[in-house]
>>> print(open('entry10.cif').read())   # mmCIF, C-alpha atoms
data_upload
#
loop_
_atom_site.label_atom_id
_atom_site.label_comp_id
_atom_site.auth_asym_id
_atom_site.auth_seq_id
_atom_site.Cartn_x
_atom_site.Cartn_y
_atom_site.Cartn_z
CA MET A 1 168.39 112.19 147.57
CA PRO A 2 171.17 112.32 150.21
CA HIS A 3 174.65 113.60 149.53
CA ILE A 4 176.91 111.51 147.33
CA THR A 5 178.90 108.46 148.34
CA PRO A 6 182.32 109.41 146.98
CA THR A 7 183.91 107.29 144.27
CA LEU A 8 187.51 107.06 143.07
CA GLY A 9 187.46 105.82 139.48
CA ILE A 10 187.43 108.42 136.71
CA ARG A 11 184.65 106.89 134.59
CA GLU A 12 182.74 105.78 137.68
CA THR A 13 182.86 109.30 139.11
CA GLY A 14 181.80 110.90 135.83
CA ALA A 15 178.79 108.60 135.52
CA MET A 16 177.82 109.03 139.17
CA ILE A 17 177.95 112.83 139.06
CA ARG A 18 176.01 112.88 135.80
CA THR A 19 173.30 110.72 137.39
CA PHE A 20 173.28 112.79 140.58
CA THR A 21 172.84 116.02 138.62
CA LYS A 22 170.06 114.55 136.47
CA GLU A 23 168.16 113.26 139.49
CA ASN A 24 168.41 116.63 141.23
CA MET A 25 167.46 118.96 138.38
CA GLY A 26 164.54 120.19 140.48
CA TYR A 27 167.00 121.53 143.04
CA PHE A 28 169.25 122.75 140.23
CA TRP A 29 166.48 125.07 139.04
CA LEU A 30 165.41 125.91 142.59
CA TYR A 31 168.85 127.34 143.40
CA LEU A 32 169.63 128.77 139.94
CA ARG A 33 166.29 130.44 139.17
CA PRO A 34 166.66 133.39 141.61
CA LEU A 35 170.03 134.24 140.04
CA LEU A 36 168.92 134.08 136.41
CA PRO A 37 167.32 137.56 136.22
CA TRP A 38 170.64 139.06 137.30
CA ILE A 39 172.69 136.90 134.95
CA ILE A 40 170.44 137.63 131.98
CA GLY A 41 170.13 141.32 132.82
CA LEU A 42 173.89 141.79 133.16
CA HIS A 43 174.57 140.11 129.82
CA ALA A 44 171.87 142.31 128.29
CA LEU A 45 173.76 145.28 129.76
CA ASP A 46 176.77 144.27 127.65
CA VAL A 47 174.60 144.26 124.52
CA LEU A 48 173.33 147.73 125.38
CA GLY A 49 176.84 148.97 126.19
CA ASN A 50 178.24 147.77 122.88
CA ILE A 51 175.36 149.40 121.01
CA MET A 52 175.77 152.73 122.81
CA ILE A 53 179.59 152.68 122.60
CA PRO A 54 180.38 151.28 119.15
CA GLN A 55 184.03 152.22 119.63
CA MET A 56 184.29 149.28 122.03
CA ARG A 57 183.87 146.95 119.01
CA GLY A 58 182.02 144.37 121.08
CA ASN A 59 184.49 144.50 123.98
CA PHE A 60 182.09 145.98 126.54
CA ILE A 61 182.00 143.06 128.99
CA PHE A 62 181.33 144.77 132.33
CA GLY A 63 178.03 142.94 132.72
CA SER A 64 179.54 139.53 131.94
CA VAL A 65 182.23 140.04 134.57
CA ILE A 66 179.63 140.86 137.23
CA ALA A 67 177.42 137.98 136.05
CA ALA A 68 180.33 135.66 136.84
CA TYR A 69 179.77 136.53 140.50
CA PHE A 70 176.22 135.16 140.38
CA TYR A 71 177.40 132.00 138.60
CA THR A 72 179.98 131.62 141.38
CA CYS A 73 177.26 131.91 144.02
CA PHE A 74 175.44 129.09 142.29
CA MET A 75 178.61 126.96 142.25
CA ILE A 76 179.10 127.47 145.99
CA THR A 77 175.51 126.40 146.57
CA TRP A 78 175.93 123.34 144.34
CA HIS A 79 179.02 122.26 146.28
CA ARG A 80 176.72 122.17 149.32
CA VAL A 81 174.08 120.22 147.40
CA VAL A 82 176.64 117.55 146.53
CA LEU A 83 178.32 117.40 149.94
CA PHE A 84 175.37 118.01 152.31
CA GLY A 85 172.48 116.74 150.21
CA PRO A 86 169.94 119.00 148.47
CA GLU A 87 167.46 119.00 151.35
CA ARG A 88 170.10 120.24 153.79
CA THR A 89 171.50 122.95 151.52
CA ASP A 90 171.25 126.60 152.37
CA PRO A 91 171.85 128.61 149.20
CA VAL A 92 174.25 131.52 149.03
CA ASN A 93 172.68 134.94 149.40
CA PRO A 94 174.59 136.94 146.75
CA PHE A 95 173.78 140.17 148.55
CA LYS A 96 174.85 138.91 151.96
CA PRO A 97 177.70 136.42 151.47
CA GLU A 98 179.25 134.69 154.46
CA LYS A 99 182.94 134.93 155.34
CA SER A 100 183.60 131.50 153.83
CA ASP A 101 181.78 132.55 150.65
CA LEU A 102 184.05 135.59 150.41
CA ALA A 103 187.11 133.35 150.79
CA PHE A 104 185.82 131.21 147.89
CA LEU A 105 185.16 134.33 145.82
CA GLY A 106 188.52 135.83 146.71
CA MET A 107 190.30 132.72 145.49
CA GLY A 108 188.26 132.84 142.29
CA ILE A 109 189.15 136.50 141.74
CA GLY A 110 192.80 135.64 142.28
CA VAL A 111 192.60 133.00 139.56
CA PHE A 112 190.85 135.47 137.24
CA LEU A 113 193.51 138.14 137.81
CA GLY A 114 196.18 135.52 137.22
CA LEU A 115 194.63 134.75 133.85
CA LEU A 116 194.68 138.45 132.97
CA VAL A 117 198.37 138.65 133.87
CA ILE A 118 199.12 135.57 131.77
CA GLY A 119 197.24 137.11 128.85
CA ALA A 120 199.28 140.29 129.12
CA LEU A 121 202.50 138.31 129.52
CA SER A 122 201.79 136.21 126.44
CA SER A 123 202.15 139.17 124.07
CA VAL A 124 205.59 139.92 125.53
CA LEU A 125 206.81 136.33 125.46
CA PHE A 126 205.51 135.64 121.95
CA PHE A 127 207.51 138.65 120.78
CA LEU A 128 210.66 136.77 121.86
CA GLY A 129 209.97 133.98 119.38
CA ALA A 130 210.45 130.27 120.10
CA PRO A 131 212.20 130.70 123.52
CA GLY A 132 209.38 132.97 124.66
CA ILE A 133 206.71 130.53 123.49
CA ILE A 134 208.43 127.66 125.32
CA MET A 135 208.62 129.79 128.46
CA PHE A 136 204.95 130.72 128.14
CA VAL A 137 203.89 127.07 127.80
CA ALA A 138 206.03 126.15 130.83
CA ILE A 139 204.40 128.91 132.89
CA ILE A 140 200.90 127.75 131.85
CA ILE A 141 201.66 124.13 132.81
CA PHE A 142 203.14 125.16 136.15
CA LEU A 143 200.24 127.44 137.08
CA PHE A 144 197.64 124.89 135.98
CA TYR A 145 199.31 122.25 138.14
CA ALA A 146 199.49 124.67 141.08
CA PHE A 147 195.78 125.47 140.69
CA ILE A 148 194.80 121.79 140.66
CA LYS A 149 196.93 121.20 143.76
CA VAL A 150 194.97 123.76 145.79
CA CYS A 151 191.52 123.30 144.21
CA PHE A 152 190.10 121.46 147.26
CA TYR A 153 190.08 124.90 148.84
CA PHE A 154 186.89 125.66 146.86
CA PRO A 155 184.60 122.87 148.14
CA ALA A 156 186.12 123.31 151.60
CA LYS A 157 185.09 126.97 151.76
CA ALA A 158 181.71 126.18 150.24
CA VAL A 159 180.95 123.94 153.24
CA ARG A 160 182.62 126.31 155.73
CA SER A 161 185.67 124.12 156.39
CA HIS A 162 188.92 125.61 157.66
CA LEU A 163 191.05 123.69 155.14
CA SER A 164 193.98 125.90 154.18
CA LEU A 165 195.71 126.21 150.83
CA ARG A 166 198.67 124.32 152.27
CA GLN A 167 196.43 121.48 153.45
CA SER A 168 194.69 121.41 150.09
CA TYR A 169 198.07 121.11 148.39
CA LYS A 170 198.78 117.98 150.42
CA ALA A 171 195.24 116.58 150.22
CA THR A 172 195.24 116.50 146.41
CA ASN A 173 198.13 113.99 146.32
CA GLY A 174 196.93 111.05 144.24
CA TYR A 175 193.94 112.94 142.83
CA ILE A 176 195.54 115.22 140.24
CA TRP A 177 194.85 113.12 137.15
CA LYS A 178 191.39 112.21 138.41
CA ILE A 179 190.42 115.85 139.02
CA MET A 180 191.62 116.72 135.52
CA SER A 181 189.97 113.80 133.68
CA ALA A 182 186.71 112.96 135.43
CA PRO A 183 184.94 116.24 134.47
CA PHE A 184 185.15 115.20 130.82
CA PHE A 185 183.43 111.88 131.51
CA ALA A 186 180.78 113.73 133.52
CA SER A 187 180.07 116.47 130.98
CA TRP A 188 180.97 115.12 127.53
CA ARG A 189 177.35 115.31 126.42
CA ILE A 190 177.05 118.93 127.52
CA ILE A 191 180.37 119.69 125.80
CA LEU A 192 179.11 118.23 122.52
CA ALA A 193 175.78 120.04 122.88
CA SER A 194 177.58 123.33 123.54
CA ILE A 195 179.85 122.87 120.51
CA LEU A 196 176.88 122.04 118.30
CA TYR A 197 174.76 124.91 119.57
CA GLY A 198 177.70 127.31 119.38
CA GLY A 199 178.21 126.30 115.77
CA ILE A 200 174.56 126.96 114.99
CA THR A 201 174.52 130.38 116.65
CA GLY A 202 177.84 131.26 115.05
CA GLY A 203 176.40 130.35 111.67
CA ILE A 204 173.36 132.55 112.29
CA VAL A 205 175.50 135.53 113.27
CA GLY A 206 177.82 134.96 110.32
CA ALA A 207 174.90 134.83 107.91
CA LEU A 208 173.47 138.05 109.33
CA THR A 209 176.85 139.75 108.99
CA VAL A 210 177.16 138.70 105.36
CA ALA A 211 173.59 139.91 104.76
CA GLY A 212 174.62 143.37 105.96
CA VAL A 213 172.50 143.48 109.11
CA SER A 214 173.54 146.28 111.45
CA PRO A 215 175.97 145.41 114.26
CA ALA A 216 173.41 146.57 116.84
CA MET A 217 170.76 144.19 115.54
CA ILE A 218 173.29 141.36 115.28
CA GLY A 219 174.23 141.96 118.92
CA ILE A 220 170.59 141.73 120.01
CA ILE A 221 169.93 138.58 117.98
CA ASN A 222 173.16 136.98 119.18
CA PHE A 223 172.11 137.66 122.77
CA ILE A 224 168.70 136.08 122.22
CA VAL A 225 170.01 132.92 120.55
CA SER A 226 172.72 132.62 123.25
CA LEU A 227 170.21 132.49 126.10
CA PRO A 228 170.08 128.65 126.19
CA MET A 229 173.84 128.70 126.77
CA LEU A 230 173.55 131.25 129.57
CA VAL A 231 170.62 129.72 131.44
CA TYR A 232 171.14 125.99 130.88
CA LEU A 233 174.25 124.62 129.15
CA GLN A 234 176.71 126.79 131.03
CA PRO A 235 175.19 126.28 134.52
CA VAL A 236 174.88 122.51 133.95
CA SER A 237 178.55 122.32 132.99
CA TYR A 238 179.38 124.18 136.21
CA ALA A 239 177.24 121.78 138.25
CA LEU A 240 178.98 118.74 136.73
CA GLY A 241 182.46 120.18 137.30
CA VAL A 242 181.56 121.17 140.86
CA GLY A 243 180.18 117.68 141.45
CA VAL A 244 183.41 115.99 140.38
CA LEU A 245 185.56 118.29 142.52
CA SER A 246 183.27 117.83 145.54
CA ASN A 247 183.39 114.06 145.08
CA TYR A 248 187.17 113.91 145.25
CA TYR A 249 187.28 116.43 148.07
CA GLN A 250 184.96 114.25 150.13
CA HIS A 251 186.91 111.11 149.20
CA ALA A 252 190.13 112.79 150.33
CA MET A 253 188.60 113.98 153.60
CA GLN A 254 187.35 110.46 154.37
CA ASN A 255 190.75 108.95 153.61
CA LYS A 256 193.02 111.59 155.12
CA THR A 257 196.71 111.00 154.57
CA PHE A 258 197.86 114.59 155.13
#
>>> encode(input="entry10.cif", output="structure tokens")
Amino acid sequence: MPHITPTLGIRETGAMIRTFTKENMGYFWLYLRPLLPWIIGLHALDVLGNIMIPQMRGNFIFGSVIAAYFYTCFMITWHRVVLFGPERTDPVNPFKPEKSDLAFLGMGIGVFLGLLVIGALSSVLFFLGAPGIIMFVAIIIFLFYAFIKVCFYFPAKAVRSHLSLRQSYKATNGYIWKIMSAPFFASWRIILASILYGGITGGIVGALTVAGVSPAMIGIINFIVSLPMLVYLQPVSYALGVGVLSNYYQHAMQNKTF
């Protein structure tokens, strides 16, 4: 199947990206499969770390943080699938990323660090009471808006474009609400499935805790029952979100007004 023909409507885009992803699940697995051993292994490392260092109380997440890199490599590749077509896609080599891949990753790391700063800031602002909470909400809204305004930078770097953050800020004019809303229409089924499955796994872990099963065994079982989330539900949600963003990026590039 060739690359997408970009659409503008929110529901139309959601349905189109959902169909595109479904019809290209063979390529989905082709590009995800080589990364899965690393993703699974790194999450297993967290289980081992929390067993060996019980003082961490389940907060050993070094493996999960590194696994995010491999998920990001998959997202870069999927941007290319959507924009170039699956047959013309060259997947990211996680051990030899290109300069444009590093720019994509650098932007992602910046967003991650920003979230950490916001998390640290929240404890200070909440201590101030209502004024602090209002200030915190205002900061969240502002930063979320700023992120959406420059988000075309991601598909641009995935396809080796020289689009700058400033150009992305201008290019997203008229697309803000669409970028925010269309992912829900594309992935609502995956969202419901994730909520349902998360409830089931949470119930299993809760029952084991009540039954007095050791934390180490609970960690192992939780890892096993979470594998469908790690290897399917989570990557599919990424593919759908990437598809929506790529769609509007391509629509904007074909109708340049910046």
>>> resolve_selection(input="entry10.cif", expression="the PyMOL selection byres ((chain A and resi 73-85) around 8)", output="compact mmCIF listing (two decimals) with C-alpha atoms, in the frame of the given file")
# COMPACT_ATOMS: atom_id res chain seq x y z
CA MET A 1 168.39 112.19 147.57
CA PRO A 2 171.17 112.32 150.21
CA HIS A 3 174.65 113.60 149.53
CA ILE A 4 176.91 111.51 147.33
CA PHE A 28 169.25 122.75 140.23
CA TYR A 31 168.85 127.34 143.40
CA LEU A 32 169.63 128.77 139.94
CA LEU A 35 170.03 134.24 140.04
CA TYR A 69 179.77 136.53 140.50
CA PHE A 70 176.22 135.16 140.38
CA TYR A 71 177.40 132.00 138.60
CA THR A 72 179.98 131.62 141.38
CA PRO A 86 169.94 119.00 148.47
CA GLU A 87 167.46 119.00 151.35
CA ARG A 88 170.10 120.24 153.79
CA THR A 89 171.50 122.95 151.52
CA ASP A 90 171.25 126.60 152.37
CA PRO A 91 171.85 128.61 149.20
CA VAL A 92 174.25 131.52 149.03
CA ASN A 93 172.68 134.94 149.40
CA PRO A 94 174.59 136.94 146.75
CA ASP A 101 181.78 132.55 150.65
CA PHE A 104 185.82 131.21 147.89
CA PRO A 155 184.60 122.87 148.14
CA ALA A 158 181.71 126.18 150.24
CA VAL A 159 180.95 123.94 153.24
CA TYR A 238 179.38 124.18 136.21
CA ALA A 239 177.24 121.78 138.25
CA VAL A 242 181.56 121.17 140.86
CA GLY A 243 180.18 117.68 141.45
CA SER A 246 183.27 117.83 145.54
CA ASN A 247 183.39 114.06 145.08
CA GLN A 250 184.96 114.25 150.13
>>> resolve_selection(input="entry10.cif", expression="the PyMOL selection byres ((chain A and resi 11) around 8)", output="list in words")
Gly9, Ile10, Glu12, Thr13, Gly14, Ala15, Ala182, Phe185 and Ala186 of chain A
>>> write_last_selection(input="entry10.cif", atoms="C-alpha atoms", output="PDB file, keeping the file's coordinate frame")
ATOM      1  CA  GLY A   9     187.460 105.820 139.480  1.00  0.00           C
ATOM      2  CA  ILE A  10     187.430 108.420 136.710  1.00  0.00           C
ATOM      3  CA  GLU A  12     182.740 105.780 137.680  1.00  0.00           C
ATOM      4  CA  THR A  13     182.860 109.300 139.110  1.00  0.00           C
ATOM      5  CA  GLY A  14     181.800 110.900 135.830  1.00  0.00           C
ATOM      6  CA  ALA A  15     178.790 108.600 135.520  1.00  0.00           C
ATOM      7  CA  ALA A 182     186.710 112.960 135.430  1.00  0.00           C
ATOM      8  CA  PHE A 185     183.430 111.880 131.510  1.00  0.00           C
ATOM      9  CA  ALA A 186     180.780 113.730 133.520  1.00  0.00           C
TER      10      ALA A 186
END
>>> resolve_selection(input="entry10.cif", expression="the PyMOL selection byres ((chain A and resi 168-177) around 9)", output="PyMOL selection string")
chain A and resi 8+10+145-146+148-153+156+163-167+178-182+248-249+252-253+256-258
>>> residues_near_point(input="entry10.cif", point="(181.5, 145.6, 121.4)", cutoff="12 Å", atoms="all atoms listed in the file", output="PyMOL selection string")
chain A and resi 45-62+215-216+218-220
>>> atom_distance(input="entry10.cif", atom1="atom CA of A:Ser100", atom2="atom CA of A:Arg160")
5.6 Å
>>> atom_distance(input="entry10.cif", atom1="atom CA of A:Leu105", atom2="atom CA of A:Met135")
29.5 Å
>>> atom_distance(input="entry10.cif", atom1="atom CA of A:Ala67", atom2="atom CA of A:Glu23")
26.6 Å
>>> closest_residue(input="entry10.cif", among="A:Ala103, A:Leu245, A:Val124, A:Met229", to="A:Ala193", atoms="all atoms listed in the file")
A:Met229
>>> closest_residue(input="entry10.cif", among="A:Lys157, A:Arg33, A:His43, A:Lys22", to="A:Pro97", atoms="only C-alpha atoms")
A:Lys157
>>> closest_residue(input="entry10.cif", among="A:Asn222, A:Ser214, A:Ser237, A:Thr209", to="A:Trp188", atoms="all atoms listed in the file")
A:Ser237
>>> residues_around(input="entry10.cif", residues="A:Leu115", least_positions_apart="5", cutoff="10 Å", atoms="all atoms listed in the file", output="PyMOL selection string")
chain A and resi 109-110+120-121+140+143
>>> write_last_selection(input="entry10.cif", atoms="C-alpha atoms", output="compact mmCIF listing (two decimals), keeping the file's coordinate frame")
# COMPACT_ATOMS: atom_id res chain seq x y z
CA ILE A 109 189.15 136.50 141.74
CA GLY A 110 192.80 135.64 142.28
CA ALA A 120 199.28 140.29 129.12
CA LEU A 121 202.50 138.31 129.52
CA ILE A 140 200.90 127.75 131.85
CA LEU A 143 200.24 127.44 137.08
>>> closest_residue(input="entry10.cif", among="A:Ser64, A:Ser187, A:Thr19, A:Ser161", to="A:Gly241", atoms="only C-alpha atoms")
A:Ser187
>>> axis_aligned_box(input="entry10.cif", around="stretch 229-234 of chain A", padding_each_side="5 Å", output="JSON")
{"center_x": 173.7, "center_y": 127.9, "center_z": 129.1, "size_x": 16.1, "size_y": 16.6, "size_z": 14.7}
